[in-house]
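Chemist: Let me begin by handing over the structure; questions about it come next.
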Amino acid sequence: MAVVVVLLARSRNLFGVVLLGGVYSFLTATVLVALDAVDVAMTEASVGAGISTVLFLGALHLCKSEDARPARRPWPALALSVAVGAVLVYGAQGLPAFSDPASAIHQHVVPRYLNDAPKETGVPNIVTAVLASYRGFDTFGETTVVFTAGAGVVALLRRRRPGRKP
Amino acid sequence: MRHDLILRVVAKLLIPFILLFALYVQFHGDFGPGGGFQAGVIAAAAVIFYALIFGLADARRVVPEPLVESMMAIGVLVYGGVGVIGLLLGGQFLDYFVLDHDPVHGQHRGIFWVEVGVAITVSGVMLKIFYMFADRGRIDES
């Protein structure tokens, strides 16, 4: 992943950047699989690496991509990213250890979901049970957001037929 | 691209399996990883793949634009409809327990239809966005 990031930062060709972005998404998906978040990994692989790469390529095709000149002064930007990264790493020190069962997030509703979800919903995949049943309102809002995004794109990009008044 | 034999043959071989995988992800989402969102994206990706290999016009013939546009809305309506059916059967909005005599079956049924709604909307929106982008480029060229 580090290699891909360095290549991304050094690349001046948008086509290469889009493809490297897809590679990065796939690597992220493998990391998520290693973290046992298979649902998220599947979403990342299909949306991040698949659809958004295709959409970026489509947008690139529309914009007539060309190689940009190298940035003049990369040092302030580099210093800023390193500083933000350092702050994030410092903050991560305060997080509970990975998969620590005594951490706060595993004390609240997680035991109830893990113990009762298969009995209450009859669905063995807890992620699906939480998504569609316990958090049904959130998912409804999410679906509406996806619909709204699509409607927005349609409203922006729809071609008016020639000869019809706008 | 249209005359590339290998791509066309491979696409013909792959697309049925991609669609089958989308259905598997959709209906097996209760038991394994996956669900409506992932299944919708995979199904849309299959059609986008078809459009990339065989051209946009052919893809439009297979999945016509009005169908895609109505899919966007139908999915949300299916999701909301499950909620309203729950209301009509005497429960609360998006209350799945009342959908069947057995509350567990009711939950199962509710989750199933909600996931169907999510899948329809997501694949509709993804396809519509792709159609809009691809179509715009083609018109500009001509």
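Identifiers in this document derive from the order of the structure tokens: chains are assigned A, B, ..., residues are numbered from 1 separately in each chain, and ligands are numbered from 1 in order of occurrence.
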Based on only C-alpha atoms, which of the residues in chain A come within 9 Å of chain B? I want them as a PyMOL selection string.
Modeler: chain A and resi 37-40+42-43+46-47+50-51+54-55+58-59+61-62+119-129+131-133+136-137+139-140+142-144+146-147+149-151+153-154+157-159
Chemist: Just the number, please: distance in Å from CA of Leu13 (chain B) to CA of Ala46 (chain B), one decimal.
Modeler: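 One can read the CA of Leu13 (chain B) to CA of Ala46 (chain B) distance as 11.7 Å.
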Chemist: Could you go through region 13-55 of chain B and tell me which residues DSSP, when run on the backbone, assigns to alpha helix (DSSP H), listing them as a JSON list (two decimals) with C-alpha atoms, in the first residue's frame?
Modeler:
```
[["chain", "number", "residue", "atom", "x", "y", "z"],
["B", 13, "LEU", "CA", -18.59, -16.30, -20.53],
["B", 14, "LEU", "CA", -18.19, -14.08, -17.49],
["B", 15, "ILE", "CA", -21.35, -11.99, -17.42],
["B", 16, "PRO", "CA", -23.76, -14.84, -16.51],
["B", 17, "PHE", "CA", -21.51, -15.77, -13.62],
["B", 18, "ILE", "CA", -21.28, -12.17, -12.43],
["B", 19, "LEU", "CA", -25.07, -11.92, -12.44],
["B", 20, "LEU", "CA", -25.36, -15.28, -10.69],
["B", 21, "PHE", "CA", -22.87, -14.08, -8.07],
["B", 22, "ALA", "CA", -24.95, -10.93, -7.57],
["B", 23, "LEU", "CA", -28.03, -13.06, -6.93],
["B", 24, "TYR", "CA", -26.05, -15.28, -4.57],
["B", 25, "VAL", "CA", -24.77, -12.27, -2.65],
["B", 26, "GLN", "CA", -28.31, -10.91, -2.51],
["B", 27, "PHE", "CA", -30.14, -14.00, -1.28],
["B", 36, "GLY", "CA", -28.59, -5.66, -0.97],
["B", 37, "PHE", "CA", -25.99, -2.93, -1.47],
["B", 38, "GLN", "CA", -23.22, -5.26, -2.62],
["B", 39, "ALA", "CA", -25.56, -7.28, -4.82],
["B", 40, "GLY", "CA", -26.90, -4.13, -6.47],
["B", 41, "VAL", "CA", -23.40, -2.89, -7.22],
["B", 42, "ILE", "CA", -22.30, -6.25, -8.65],
["B", 43, "ALA", "CA", -25.36, -6.49, -10.88],
["B", 44, "ALA", "CA", -24.75, -2.94, -12.11],
["B", 45, "ALA", "CA", -21.09, -3.81, -12.72],
["B", 46, "ALA", "CA", -22.14, -6.73, -14.91],
["B", 47, "VAL", "CA", -24.21, -4.44, -17.12],
["B", 48, "ILE", "CA", -21.42, -1.82, -17.18],
["B", 49, "PHE", "CA", -19.01, -4.56, -18.26],
["B", 50, "TYR", "CA", -21.40, -5.48, -21.05],
["B", 51, "ALA", "CA", -21.63, -1.84, -22.10],
["B", 52, "LEU", "CA", -17.83, -1.48, -22.15],
["B", 53, "ILE", "CA", -17.36, -4.50, -24.40],
["B", 54, "PHE", "CA", -20.39, -4.40, -26.66]]
```
Chemist: Do you know which residues are at most 9 Å from Val98 (chain B) counting only C-alpha atoms, after dropping those on the same chain fewer than 4 positions away, and could you put them as a list in words?
Modeler: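 Non-adjacent residues within range: Gly86, Leu87, Leu89, Gly90, Gly91, Gln92, Asp102, Pro103, Gly106 and Gln107 of chain B.
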Chemist: Compile the contact shell of Gly22 (chain A) as a ChimeraX atom specification: residues with an atom at most 12 Å away, counting only C-alpha atoms, same-chain residues fewer than 6 positions apart removed.
Modeler: /A:1,4-5,8,15-16,28-29,44-57
Chemist: Only N, CA and C atoms, please: the residues just picked out, written as a tab-separated table (two decimals), in the first residue's frame.
Modeler:
```tsv
chain	number	residue	atom	x	y	z
A	1	MET	N	0.84	-1.21	0.00
A	1	MET	CA	0.00	0.00	0.00
A	1	MET	C	0.87	1.25	0.00
A	4	VAL	N	2.09	1.96	-3.41
A	4	VAL	CA	1.04	2.56	-4.25
A	4	VAL	C	0.86	4.02	-3.91
A	5	VAL	N	0.91	4.35	-2.60
A	5	VAL	CA	0.70	5.75	-2.21
A	5	VAL	C	1.82	6.62	-2.78
A	8	LEU	N	1.25	7.08	-6.36
A	8	LEU	CA	0.12	8.00	-6.57
A	8	LEU	C	0.57	9.44	-6.43
A	15	PHE	N	-4.61	9.28	-15.83
A	15	PHE	CA	-5.01	7.91	-16.15
A	15	PHE	C	-4.35	6.93	-15.19
A	16	GLY	N	-3.02	7.13	-15.01
A	16	GLY	CA	-2.31	6.27	-14.07
A	16	GLY	C	-2.83	6.43	-12.66
A	28	THR	N	-6.97	-2.16	0.05
A	28	THR	CA	-7.78	-1.88	1.23
A	28	THR	C	-8.76	-3.01	1.48
A	29	ALA	N	-9.36	-3.54	0.39
A	29	ALA	CA	-10.32	-4.63	0.56
A	29	ALA	C	-9.65	-5.85	1.18
A	44	GLU	N	-16.08	-2.40	-0.65
A	44	GLU	CA	-14.91	-1.62	-1.09
A	44	GLU	C	-14.43	-2.12	-2.45
A	45	ALA	N	-14.37	-3.45	-2.62
A	45	ALA	CA	-13.86	-3.99	-3.87
A	45	ALA	C	-14.79	-3.64	-5.03
A	46	SER	N	-16.12	-3.74	-4.79
A	46	SER	CA	-17.02	-3.52	-5.92
A	46	SER	C	-17.21	-2.04	-6.20
A	47	VAL	N	-17.38	-1.22	-5.15
A	47	VAL	CA	-17.63	0.20	-5.38
A	47	VAL	C	-16.32	0.95	-5.60
A	48	GLY	N	-15.38	0.78	-4.65
A	48	GLY	CA	-14.15	1.57	-4.72
A	48	GLY	C	-13.30	1.21	-5.90
A	49	ALA	N	-13.09	-0.11	-6.09
A	49	ALA	CA	-12.20	-0.51	-7.17
A	49	ALA	C	-12.94	-0.64	-8.50
A	50	GLY	N	-14.21	-1.05	-8.46
A	50	GLY	CA	-14.91	-1.29	-9.71
A	50	GLY	C	-15.58	-0.06	-10.27
A	51	ILE	N	-16.72	0.29	-9.65
A	51	ILE	CA	-17.58	1.32	-10.24
A	51	ILE	C	-16.90	2.67	-10.27
A	52	SER	N	-16.24	3.06	-9.15
A	52	SER	CA	-15.71	4.43	-9.16
A	52	SER	C	-14.54	4.54	-10.12
A	53	THR	N	-13.76	3.45	-10.33
A	53	THR	CA	-12.71	3.52	-11.34
A	53	THR	C	-13.31	3.76	-12.72
A	54	VAL	N	-14.38	3.02	-13.02
A	54	VAL	CA	-15.02	3.19	-14.32
A	54	VAL	C	-15.56	4.62	-14.47
A	55	LEU	N	-16.16	5.13	-13.39
A	55	LEU	CA	-16.73	6.48	-13.47
A	55	LEU	C	-15.63	7.53	-13.62
A	56	PHE	N	-14.51	7.32	-12.90
A	56	PHE	CA	-13.39	8.26	-13.04
A	56	PHE	C	-12.86	8.24	-14.46
A	57	LEU	N	-12.74	7.03	-15.03
A	57	LEU	CA	-12.24	6.94	-16.40
A	57	LEU	C	-13.21	7.64	-17.35
```
